[in-house]
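Q: The structure is given below, and queries will be raised subsequently.
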Amino acid sequence: MNNVVVRDYIIPANDFTIAGEASSNVRKILSQIGVAPDIVKRTSIAMYEAEINAMIHGKGGQAHVEIDENKIVIRISDQGPGIEDLDLAMQEGYSTAPDSIREMGFGAGMGLSNIKKHSDILEINTAVNEGTTVLITVFFKQE
Amino acid sequence: MEQYYFHSVTLDKSKCKGCTNCIKYCPTEAIRVRNGKAVIIKERCIDCGVCIRICPYHAKKAVTDPLENIKKYSYKIALPAPTLYGQFGPGYSRERIVLALKQYGFDYVFEVARAAEIVTNATEQYMLNKDIKKPVVSSACPAVVRFIQIRFPNLIDNLLTIESPMEIAATLSRQEVNEKYGIPLDKIGVFFISPCAAKVTSVKAPYENRKSNVDGVLSMKDIFLPLLDIMKKQGEITSEPFSLSSAIGVSWAGTGGESSAIRKGRSIAVHGIQNVNDILEQAVQGNLDNIDFLEVLACPEGCLGGPLAVENPFIAKVNLNNEIEKIKKNQAHSVLPKHKNVNEFEWKSTVEYRPILKLDDDMMKALEKMNMIDAITDSFYGLDCGACGAPSCRALAEDIVRGDAKETDCIFKLREKVNSIANQLHQIDGTGRKADDN
């Protein structure tokens, strides 16, 4: 019996046309295995934000998703510039996105705080010039 | 759940050739071809009518009430959808069409456009409420509401909880006739003249067992020629015997009509079920939080593109726009009718999530099934050819895991199996014993 569903996705750099495909796909899987709609939504928003971050800031990257009967764990990693000051980056409204990205409605500085808001556990490992890994956990039964 | 087994959209088996055109376009993957004929999975069908439009053999049809059903009632009310005004072309004004309905045999005509204006009015008030979830998603298109119930449970709370113009028109016209002329309620028959299959389902099997006030739904296709014949003999029209709606209500037939009538805030109008799917994805993802109102219509060009409409939707749009310009010229201000009690038309209950895509009630089993589907999908060739009768390789894998199909429904898998049997036969020697397994 295999009760862990695993998915891997490639996140291309700066391709807005397919941004969000991975999180949309994960949303469908969660609905099919019967996760409650509000949890599906939280997961989907958290993953989408992380996906967009990797696309815009991280020169693209990968998403690795594991789902069991209790939780979903999403690991999104990139080999981008890393985050210099993580505390600052976590603040709402802080953004290093260039104007060209902001003009498209992204880069408002809400990404990381939004991920935190919609996940149960958020772990960020980052090193300047090496890249960033965002680990998001959402539990299916909320306490 | 019984109510979901009624659908307007049905299959004419004798016309179905078992081709795979419909299965590819169905937005909820509700059609399979089995034993050479299409089968509609009733729990999944949202009556959007895409398959009616796509089928080259016209084997998909929308069941409506026959025209002669109006004879069952001594007093007959017609509720023409505004789409009707776009069907006949220049020279056939709204006044003539409404009069023709009366000449056809209806005692009273209540334009659904009038009720649409009441909905516009109520929506504007509804939008002032601080507690509502934005974007407010229009509930005017019944196919979209059913689509949301199946695929976008997170947006159920965003649905506009106001009755449809058709239902409001039915309620008000019945009241009006009863009060004005003293006709007993049970003698009155209310008939909606529809471009839409999903509206038939809304009347015969309303959401969550509500009761519809409409007694019958007539297809615009059926009544088109009789009305045209009558209008050709009409001659000059002098009087305006009916209280007609303003431009706002009439514009509801096309895309952008409902949303542009809401004067405050930012609105988006989307039409065509695939586009609707895409915009709803965006809404779930939280990308539309700065939008106040979302008009979503399943058919291309909105109700004008409905499967029961006669005229090409783009031509119908020009016809309708001409009519709207005429109305605007004649009415200095389009005044929305203030209805005394808007709350009367609020939904009494909400619609519910229908998790029909769920693989199993037990999540452990569902996860296991998901892995089985993944494994089977990987074993397929990934052509999504549809020859098995399912819309994609993954859909077939899902059907197999659900117990509704088998692996050899895939012609490539079948070929592999036949080849393997042929090889085995080849290896049997003259004594009838099998050669070494290899």
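Ordering of the structure tokens sets the chain letters (A, B, ...); residue numbers start at 1 within each chain; ligands are numbered from 1 in the order shown.
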So that each row is one residue of chain A with an atom at most 10 Å from chain B, can you give its shortest atom pair and the distance in Å to one decimal, using only C-alpha atoms, rows by chain and rising number, as CSV?
A:
```
residue,atom,partner,partner_atom,distance
A:Met1,CA,B:Glu368,CA,6.8
A:Asn2,CA,B:Glu368,CA,5.6
A:Asn3,CA,B:Glu368,CA,5.0
A:Val4,CA,B:Leu367,CA,6.5
A:Val5,CA,B:Asn371,CA,6.2
A:Val6,CA,B:Asn371,CA,8.5
A:Gly20,CA,B:Gln285,CA,8.5
A:Ser23,CA,B:Gln285,CA,8.7
A:Ser24,CA,B:Glu281,CA,7.5
A:Arg27,CA,B:Gln285,CA,9.8
A:Lys28,CA,B:Arg151,CA,8.7
A:Ile29,CA,B:Met370,CA,8.1
A:Leu30,CA,B:Lys358,CA,9.0
A:Ser31,CA,B:Lys358,CA,6.5
A:Gln32,CA,B:Lys358,CA,4.1
A:Ile33,CA,B:Ala366,CA,5.0
A:Gly34,CA,B:Lys358,CA,5.7
A:Val35,CA,B:Met363,CA,8.0
A:Ala36,CA,B:Pro153,CA,9.4
A:Pro37,CA,B:Asn154,CA,5.9
A:Asp38,CA,B:Asn154,CA,6.7
A:Ile39,CA,B:Asn154,CA,9.7
A:Val40,CA,B:Asn154,CA,8.6
A:Lys41,CA,B:Asn154,CA,6.9
A:Arg42,CA,B:Gln285,CA,9.2
A:Thr43,CA,B:Gln285,CA,9.9
A:Ser44,CA,B:Gln285,CA,6.7
A:Ile45,CA,B:Gln285,CA,5.6
A:Ala46,CA,B:Gln285,CA,9.3
A:Met47,CA,B:Gln285,CA,9.7
A:Tyr48,CA,B:Gln285,CA,7.3
A:Glu49,CA,B:Gln285,CA,9.2
A:Ile67,CA,B:Leu367,CA,8.2
A:Asp68,CA,B:Leu367,CA,7.2
A:Glu69,CA,B:Met364,CA,5.9
A:Asn70,CA,B:Met363,CA,9.2
A:Gly105,CA,B:Asn287,CA,9.3
A:Phe106,CA,B:Asn287,CA,9.9
```
Q: Just to be explicit: take each residue in the selection above, keep N, CA and C atoms, and write the result as a CSV table (one decimal), in the first residue's frame.
A:
```
chain,number,residue,atom,x,y,z
A,1,MET,N,0.8,-1.2,0.0
A,1,MET,CA,0.0,0.0,0.0
A,1,MET,C,0.9,1.2,0.0
A,2,ASN,N,0.6,2.1,-0.9
A,2,ASN,CA,1.3,3.3,-1.0
A,2,ASN,C,0.4,4.5,-0.8
A,3,ASN,N,0.5,5.1,0.4
A,3,ASN,CA,-0.4,6.2,0.7
A,3,ASN,C,0.2,7.6,0.7
A,4,VAL,N,1.3,7.7,0.1
A,4,VAL,CA,1.9,9.1,0.0
A,4,VAL,C,2.0,9.4,-1.5
A,5,VAL,N,1.4,10.6,-1.8
A,5,VAL,CA,1.4,11.0,-3.2
A,5,VAL,C,2.5,12.0,-3.4
A,6,VAL,N,3.3,11.8,-4.4
A,6,VAL,CA,4.5,12.7,-4.6
A,6,VAL,C,4.4,13.4,-5.9
A,20,GLY,N,1.9,29.3,-11.7
A,20,GLY,CA,0.7,28.9,-11.0
A,20,GLY,C,0.1,27.6,-11.4
A,23,SER,N,0.6,24.9,-8.6
A,23,SER,CA,-0.3,25.1,-7.4
A,23,SER,C,-1.7,24.7,-7.9
A,24,SER,N,-2.1,25.0,-9.1
A,24,SER,CA,-3.4,24.7,-9.6
A,24,SER,C,-3.6,23.1,-9.7
A,27,ARG,N,-3.9,21.7,-6.2
A,27,ARG,CA,-5.3,22.0,-5.7
A,27,ARG,C,-6.3,20.9,-6.2
A,28,LYS,N,-6.1,20.5,-7.5
A,28,LYS,CA,-7.0,19.4,-8.0
A,28,LYS,C,-6.8,18.1,-7.3
A,29,ILE,N,-5.5,17.8,-7.0
A,29,ILE,CA,-5.2,16.5,-6.3
A,29,ILE,C,-5.8,16.5,-4.9
A,30,LEU,N,-5.7,17.7,-4.2
A,30,LEU,CA,-6.2,17.7,-2.9
A,30,LEU,C,-7.7,17.6,-2.9
A,31,SER,N,-8.4,18.2,-3.8
A,31,SER,CA,-9.8,18.1,-3.9
A,31,SER,C,-10.2,16.6,-4.2
A,32,GLN,N,-9.4,15.9,-5.1
A,32,GLN,CA,-9.8,14.6,-5.4
A,32,GLN,C,-9.6,13.6,-4.3
A,33,ILE,N,-8.6,13.9,-3.4
A,33,ILE,CA,-8.4,13.0,-2.2
A,33,ILE,C,-9.3,13.4,-1.1
A,34,GLY,N,-10.1,14.4,-1.2
A,34,GLY,CA,-11.1,14.7,-0.2
A,34,GLY,C,-10.7,15.7,0.9
A,35,VAL,N,-9.7,16.5,0.6
A,35,VAL,CA,-9.3,17.5,1.6
A,35,VAL,C,-10.4,18.6,1.6
A,36,ALA,N,-10.7,19.2,2.8
A,36,ALA,CA,-11.7,20.2,2.9
A,36,ALA,C,-11.4,21.4,2.1
A,37,PRO,N,-12.4,22.0,1.4
A,37,PRO,CA,-12.2,23.1,0.5
A,37,PRO,C,-11.3,24.3,1.1
A,38,ASP,N,-11.6,24.7,2.4
A,38,ASP,CA,-10.8,25.8,2.9
A,38,ASP,C,-9.3,25.5,3.1
A,39,ILE,N,-9.0,24.2,3.4
A,39,ILE,CA,-7.6,23.8,3.5
A,39,ILE,C,-7.0,23.8,2.1
A,40,VAL,N,-7.8,23.4,1.2
A,40,VAL,CA,-7.3,23.3,-0.2
A,40,VAL,C,-6.9,24.8,-0.6
A,41,LYS,N,-7.7,25.7,-0.3
A,41,LYS,CA,-7.5,27.1,-0.7
A,41,LYS,C,-6.3,27.6,0.0
A,42,ARG,N,-6.1,27.4,1.3
A,42,ARG,CA,-4.9,27.9,2.0
A,42,ARG,C,-3.6,27.4,1.3
A,43,THR,N,-3.7,26.0,1.1
A,43,THR,CA,-2.5,25.4,0.5
A,43,THR,C,-2.2,26.0,-0.8
A,44,SER,N,-3.2,26.2,-1.6
A,44,SER,CA,-3.1,26.7,-3.0
A,44,SER,C,-2.5,28.1,-3.0
A,45,ILE,N,-3.0,28.9,-2.1
A,45,ILE,CA,-2.5,30.3,-2.1
A,45,ILE,C,-1.0,30.3,-1.6
A,46,ALA,N,-0.7,29.6,-0.6
A,46,ALA,CA,0.7,29.5,-0.1
A,46,ALA,C,1.6,29.0,-1.1
A,47,MET,N,1.2,28.0,-1.8
A,47,MET,CA,2.1,27.4,-2.8
A,47,MET,C,2.3,28.3,-4.0
A,48,TYR,N,1.2,29.0,-4.4
A,48,TYR,CA,1.2,29.9,-5.5
A,48,TYR,C,2.2,31.0,-5.3
A,49,GLU,N,2.1,31.6,-4.1
A,49,GLU,CA,3.0,32.7,-3.8
A,49,GLU,C,4.5,32.3,-3.8
A,67,ILE,N,2.2,14.4,-0.2
A,67,ILE,CA,0.9,14.4,0.5
A,67,ILE,C,0.6,13.1,1.2
A,68,ASP,N,0.3,13.1,2.5
A,68,ASP,CA,-0.2,11.9,3.1
A,68,ASP,C,-1.5,12.2,3.7
A,69,GLU,N,-2.0,11.3,4.6
A,69,GLU,CA,-3.4,11.5,5.0
A,69,GLU,C,-3.5,12.6,6.1
A,70,ASN,N,-2.4,13.1,6.6
A,70,ASN,CA,-2.5,14.2,7.6
A,70,ASN,C,-2.1,15.6,7.1
A,105,GLY,N,1.5,43.7,-11.6
A,105,GLY,CA,0.6,43.4,-10.5
A,105,GLY,C,1.3,42.5,-9.5
A,106,PHE,N,2.5,42.1,-9.7
A,106,PHE,CA,3.2,41.3,-8.7
A,106,PHE,C,4.2,42.1,-7.9
```
Q: Which of range 44-136 of chain A end up as alpha helix (DSSP H) when DSSP is run on this backbone - answer as a PyMOL selection string?
A: chain A and resi 44-56+86-90+99-102+111-118
Q: Could you dump the residues just selected with N, CA and C atoms as an mmCIF file, in the first residue's frame?
A:
```
data_model
loop_
_atom_site.group_PDB
_atom_site.id
_atom_site.type_symbol
_atom_site.label_atom_id
_atom_site.label_comp_id
_atom_site.auth_asym_id
_atom_site.auth_seq_id
_atom_site.Cartn_x
_atom_site.Cartn_y
_atom_site.Cartn_z
ATOM 1 N N SER A 44 -3.226 26.175 -1.625
ATOM 2 C CA SER A 44 -3.072 26.658 -2.982
ATOM 3 C C SER A 44 -2.489 28.080 -3.009
ATOM 4 N N ILE A 45 -2.970 28.927 -2.106
ATOM 5 C CA ILE A 45 -2.468 30.304 -2.070
ATOM 6 C C ILE A 45 -1.008 30.334 -1.616
ATOM 7 N N ALA A 46 -0.701 29.561 -0.562
ATOM 8 C CA ALA A 46 0.680 29.530 -0.057
ATOM 9 C C ALA A 46 1.639 29.036 -1.132
ATOM 10 N N MET A 47 1.240 27.967 -1.823
ATOM 11 C CA MET A 47 2.127 27.395 -2.831
ATOM 12 C C MET A 47 2.267 28.338 -4.020
ATOM 13 N N TYR A 48 1.172 28.965 -4.399
ATOM 14 C CA TYR A 48 1.199 29.887 -5.536
ATOM 15 C C TYR A 48 2.181 31.032 -5.291
ATOM 16 N N GLU A 49 2.110 31.596 -4.091
ATOM 17 C CA GLU A 49 3.003 32.711 -3.754
ATOM 18 C C GLU A 49 4.470 32.273 -3.813
ATOM 19 N N ALA A 50 4.731 31.085 -3.290
ATOM 20 C CA ALA A 50 6.113 30.585 -3.286
ATOM 21 C C ALA A 50 6.588 30.299 -4.710
ATOM 22 N N GLU A 51 5.661 29.799 -5.513
ATOM 23 C CA GLU A 51 5.970 29.508 -6.916
ATOM 24 C C GLU A 51 6.336 30.804 -7.654
ATOM 25 N N ILE A 52 5.520 31.840 -7.421
ATOM 26 C CA ILE A 52 5.750 33.130 -8.070
ATOM 27 C C ILE A 52 7.091 33.712 -7.614
ATOM 28 N N ASN A 53 7.372 33.584 -6.309
ATOM 29 C CA ASN A 53 8.652 34.081 -5.785
ATOM 30 C C ASN A 53 9.839 33.427 -6.486
ATOM 31 N N ALA A 54 9.761 32.098 -6.617
ATOM 32 C CA ALA A 54 10.863 31.368 -7.254
ATOM 33 C C ALA A 54 11.009 31.808 -8.710
ATOM 34 N N MET A 55 9.864 32.092 -9.338
ATOM 35 C CA MET A 55 9.890 32.492 -10.737
ATOM 36 C C MET A 55 10.498 33.892 -10.912
ATOM 37 N N ILE A 56 10.059 34.813 -10.053
ATOM 38 C CA ILE A 56 10.496 36.207 -10.209
ATOM 39 C C ILE A 56 11.908 36.429 -9.666
ATOM 40 N N LEU A 86 16.326 38.188 5.957
ATOM 41 C CA LEU A 86 15.071 37.433 5.954
ATOM 42 C C LEU A 86 13.982 38.106 6.783
ATOM 43 N N ASP A 87 14.367 38.674 7.945
ATOM 44 C CA ASP A 87 13.365 39.348 8.789
ATOM 45 C C ASP A 87 12.702 40.490 8.045
ATOM 46 N N LEU A 88 13.527 41.237 7.318
ATOM 47 C CA LEU A 88 13.004 42.362 6.547
ATOM 48 C C LEU A 88 12.090 41.849 5.433
ATOM 49 N N ALA A 89 12.504 40.775 4.769
ATOM 50 C CA ALA A 89 11.732 40.228 3.654
ATOM 51 C C ALA A 89 10.373 39.699 4.098
ATOM 52 N N MET A 90 10.308 39.269 5.357
ATOM 53 C CA MET A 90 9.042 38.738 5.876
ATOM 54 C C MET A 90 8.023 39.831 6.144
ATOM 55 N N ASP A 99 10.565 47.328 -11.101
ATOM 56 C CA ASP A 99 9.340 48.001 -11.532
ATOM 57 C C ASP A 99 8.576 47.208 -12.591
ATOM 58 N N SER A 100 9.348 46.574 -13.501
ATOM 59 C CA SER A 100 8.694 45.847 -14.597
ATOM 60 C C SER A 100 7.770 44.752 -14.047
ATOM 61 N N ILE A 101 8.171 44.147 -12.944
ATOM 62 C CA ILE A 101 7.364 43.096 -12.327
ATOM 63 C C ILE A 101 6.178 43.709 -11.594
ATOM 64 N N ARG A 102 6.429 44.832 -10.928
ATOM 65 C CA ARG A 102 5.354 45.499 -10.180
ATOM 66 C C ARG A 102 4.241 45.967 -11.100
ATOM 67 N N GLY A 111 4.243 38.543 -0.541
ATOM 68 C CA GLY A 111 4.444 37.122 -0.821
ATOM 69 C C GLY A 111 4.760 36.290 0.406
ATOM 70 N N LEU A 112 5.892 36.585 1.053
ATOM 71 C CA LEU A 112 6.319 35.751 2.176
ATOM 72 C C LEU A 112 5.347 35.816 3.348
ATOM 73 N N SER A 113 4.841 37.019 3.621
ATOM 74 C CA SER A 113 3.903 37.114 4.751
ATOM 75 C C SER A 113 2.614 36.373 4.432
ATOM 76 N N ASN A 114 2.240 36.385 3.153
ATOM 77 C CA ASN A 114 1.052 35.654 2.730
ATOM 78 C C ASN A 114 1.253 34.136 2.856
ATOM 79 N N ILE A 115 2.442 33.682 2.526
ATOM 80 C CA ILE A 115 2.744 32.252 2.665
ATOM 81 C C ILE A 115 2.644 31.859 4.134
ATOM 82 N N LYS A 116 3.215 32.706 4.981
ATOM 83 C CA LYS A 116 3.202 32.432 6.427
ATOM 84 C C LYS A 116 1.763 32.341 6.939
ATOM 85 N N LYS A 117 0.963 33.284 6.471
ATOM 86 C CA LYS A 117 -0.434 33.356 6.904
ATOM 87 C C LYS A 117 -1.204 32.087 6.526
ATOM 88 N N HIS A 118 -0.903 31.539 5.353
ATOM 89 C CA HIS A 118 -1.696 30.420 4.858
ATOM 90 C C HIS A 118 -1.084 29.042 5.099
#
```
Q: Please report, as an mmCIF file with N, CA and C atoms, in the first residue's frame, each residue of range 165-335 of chain B to which DSSP assigns strand (DSSP E) when run on this structure's backbone.
A:
```cif
data_model
loop_
_atom_site.group_PDB
_atom_site.id
_atom_site.type_symbol
_atom_site.label_atom_id
_atom_site.label_comp_id
_atom_site.auth_asym_id
_atom_site.auth_seq_id
_atom_site.Cartn_x
_atom_site.Cartn_y
_atom_site.Cartn_z
ATOM 1 N N ILE B 188 -53.123 29.724 -13.982
ATOM 2 C CA ILE B 188 -52.070 30.437 -14.703
ATOM 3 C C ILE B 188 -50.907 29.508 -15.033
ATOM 4 N N GLY B 189 -50.495 29.513 -16.279
ATOM 5 C CA GLY B 189 -49.304 28.758 -16.678
ATOM 6 C C GLY B 189 -48.218 29.730 -17.108
ATOM 7 N N VAL B 190 -47.038 29.621 -16.480
ATOM 8 C CA VAL B 190 -45.940 30.550 -16.779
ATOM 9 C C VAL B 190 -44.866 29.821 -17.585
ATOM 10 N N PHE B 191 -44.570 30.355 -18.781
ATOM 11 C CA PHE B 191 -43.628 29.680 -19.690
ATOM 12 C C PHE B 191 -42.437 30.565 -20.036
ATOM 13 N N PHE B 192 -41.259 30.043 -19.746
ATOM 14 C CA PHE B 192 -40.021 30.746 -20.075
ATOM 15 C C PHE B 192 -39.618 30.375 -21.500
ATOM 16 N N ILE B 193 -39.254 31.386 -22.296
ATOM 17 C CA ILE B 193 -38.809 31.118 -23.671
ATOM 18 C C ILE B 193 -37.300 31.222 -23.690
ATOM 19 N N SER B 194 -36.670 30.044 -23.856
ATOM 20 C CA SER B 194 -35.284 29.880 -23.424
ATOM 21 C C SER B 194 -34.286 29.655 -24.554
ATOM 22 N N GLY B 216 -43.225 25.811 -17.322
ATOM 23 C CA GLY B 216 -42.689 25.111 -18.488
ATOM 24 C C GLY B 216 -41.617 25.940 -19.164
ATOM 25 N N VAL B 217 -40.728 25.258 -19.880
ATOM 26 C CA VAL B 217 -39.673 25.961 -20.610
ATOM 27 C C VAL B 217 -39.794 25.615 -22.088
ATOM 28 N N LEU B 218 -39.953 26.642 -22.909
ATOM 29 C CA LEU B 218 -40.085 26.440 -24.352
ATOM 30 C C LEU B 218 -38.776 26.820 -25.020
ATOM 31 N N SER B 219 -38.400 26.035 -26.015
ATOM 32 C CA SER B 219 -37.157 26.316 -26.718
ATOM 33 C C SER B 219 -37.358 27.458 -27.709
ATOM 34 N N SER B 267 -15.634 45.623 -12.527
ATOM 35 C CA SER B 267 -16.258 44.361 -12.929
ATOM 36 C C SER B 267 -15.479 43.723 -14.061
ATOM 37 N N ILE B 268 -15.600 42.405 -14.163
ATOM 38 C CA ILE B 268 -15.065 41.684 -15.309
ATOM 39 C C ILE B 268 -16.204 40.851 -15.878
ATOM 40 N N ALA B 269 -16.291 40.800 -17.212
ATOM 41 C CA ALA B 269 -17.284 39.947 -17.865
ATOM 42 C C ALA B 269 -16.556 38.878 -18.659
ATOM 43 N N VAL B 270 -16.867 37.621 -18.369
ATOM 44 C CA VAL B 270 -16.185 36.511 -19.031
ATOM 45 C C VAL B 270 -17.235 35.571 -19.623
ATOM 46 N N HIS B 271 -16.994 35.107 -20.839
ATOM 47 C CA HIS B 271 -17.946 34.181 -21.447
ATOM 48 C C HIS B 271 -17.216 33.040 -22.142
ATOM 49 N N PHE B 293 -16.953 42.626 -9.016
ATOM 50 C CA PHE B 293 -18.024 41.797 -9.567
ATOM 51 C C PHE B 293 -17.533 41.008 -10.761
ATOM 52 N N LEU B 294 -17.889 39.738 -10.777
ATOM 53 C CA LEU B 294 -17.461 38.853 -11.852
ATOM 54 C C LEU B 294 -18.698 38.288 -12.552
ATOM 55 N N GLU B 295 -18.886 38.721 -13.806
ATOM 56 C CA GLU B 295 -19.966 38.150 -14.618
ATOM 57 C C GLU B 295 -19.398 36.962 -15.370
ATOM 58 N N VAL B 296 -19.989 35.804 -15.192
ATOM 59 C CA VAL B 296 -19.458 34.590 -15.819
ATOM 60 C C VAL B 296 -20.584 33.847 -16.531
ATOM 61 N N LEU B 297 -20.476 33.735 -17.840
ATOM 62 C CA LEU B 297 -21.511 33.082 -18.631
ATOM 63 C C LEU B 297 -20.884 31.926 -19.422
#
```
Q: Report, in Å with one decimal, the straight-line distance from CA of Thr28 in chain B to CA of Glu43 in chain B.
A: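 Interatomic distance, CA of Thr28 in chain B to CA of Glu43 in chain B: 10.1 Å.
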Q: Can you pull out every residue within 10 Å of Thr255 in chain B, counting only C-alpha atoms, but drop anything in the same chain fewer than 2 positions away, and send it as a PyMOL selection string?
A: chain B and resi 251-253+257-260+269-272+295-297+299-305+317
Q: Could you turn the residues from that selection into a file that holds C-alpha atoms, as a PDB file, in the first residue's frame?
A:
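Ended up saving to again15.pdb:
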```
ATOM      1  CA  SER B 251     -28.532  44.158 -22.516  1.00  0.00           C
ATOM      2  CA  TRP B 252     -28.395  41.202 -20.105  1.00  0.00           C
ATOM      3  CA  ALA B 253     -28.687  38.852 -23.092  1.00  0.00           C
ATOM      4  CA  GLY B 257     -24.740  43.369 -19.945  1.00  0.00           C
ATOM      5  CA  GLU B 258     -25.171  42.330 -16.362  1.00  0.00           C
ATOM      6  CA  SER B 259     -21.836  43.660 -15.115  1.00  0.00           C
ATOM      7  CA  SER B 260     -21.871  47.016 -16.914  1.00  0.00           C
ATOM      8  CA  ALA B 269     -17.284  39.947 -17.865  1.00  0.00           C
ATOM      9  CA  VAL B 270     -16.185  36.511 -19.031  1.00  0.00           C
ATOM     10  CA  HIS B 271     -17.946  34.181 -21.447  1.00  0.00           C
ATOM     11  CA  GLY B 272     -17.313  30.697 -22.834  1.00  0.00           C
ATOM     12  CA  GLU B 295     -19.966  38.150 -14.618  1.00  0.00           C
ATOM     13  CA  VAL B 296     -19.458  34.590 -15.819  1.00  0.00           C
ATOM     14  CA  LEU B 297     -21.511  33.082 -18.631  1.00  0.00           C
ATOM     15  CA  CYS B 299     -21.865  30.265 -23.580  1.00  0.00           C
ATOM     16  CA  PRO B 300     -19.802  32.237 -26.105  1.00  0.00           C
ATOM     17  CA  GLU B 301     -21.220  35.796 -26.258  1.00  0.00           C
ATOM     18  CA  GLY B 302     -23.367  34.983 -23.229  1.00  0.00           C
ATOM     19  CA  CYS B 303     -26.995  33.880 -23.561  1.00  0.00           C
ATOM     20  CA  LEU B 304     -26.993  34.989 -27.208  1.00  0.00           C
ATOM     21  CA  GLY B 305     -24.738  31.965 -27.810  1.00  0.00           C
ATOM     22  CA  LYS B 317     -25.475  40.739 -30.920  1.00  0.00           C
TER      23      LYS B 317
END
```
Q: Any idea what the distance is between CA of Asp157 in chain B and CA of Ile273 in chain B?
A: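 Computing it gives 20.2 Å between the two atoms.
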Q: Can you pull out every residue within 10 Å of Val310 in chain B, counting only C-alpha atoms, but drop anything in the same chain fewer than 3 positions away, and send it as a short mmCIF file (atom, residue, chain, number, x, y, z; two decimals) with C-alpha atoms, in the first residue's frame?
A:
```
data_model
loop_
_atom_site.label_atom_id
_atom_site.label_comp_id
_atom_site.auth_asym_id
_atom_site.auth_seq_id
_atom_site.Cartn_x
_atom_site.Cartn_y
_atom_site.Cartn_z
CA THR B 83 -32.01 36.90 -26.22
CA LEU B 84 -35.23 36.46 -28.22
CA GLY B 86 -31.69 39.32 -31.19
CA GLN B 87 -33.04 36.42 -33.25
CA PHE B 88 -35.05 38.03 -36.03
CA PRO B 195 -32.01 29.96 -25.34
CA SER B 219 -37.16 26.32 -26.72
CA MET B 220 -36.41 29.46 -28.68
CA LYS B 221 -35.77 27.14 -31.64
CA ASP B 222 -39.31 25.74 -31.48
CA PHE B 224 -38.89 30.92 -33.77
CA LEU B 225 -40.75 30.02 -36.98
CA LEU B 304 -26.99 34.99 -27.21
CA GLY B 305 -24.74 31.96 -27.81
CA GLY B 306 -27.08 29.60 -25.98
CA PRO B 307 -27.59 26.14 -27.53
CA PRO B 313 -24.49 34.88 -31.67
CA ALA B 316 -27.74 38.34 -32.81
#
```
Q: Find the residues near Glu163 in chain B: any atom within 9 Å, counting only C-alpha atoms, skip ones fewer than 4 places away on the same chain, and give them as a list in words.
A: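 Here the answer would be Val119, Ser139, Ala140, Glu167, Ile168, Phe345, Glu346 and Trp347 of chain B.
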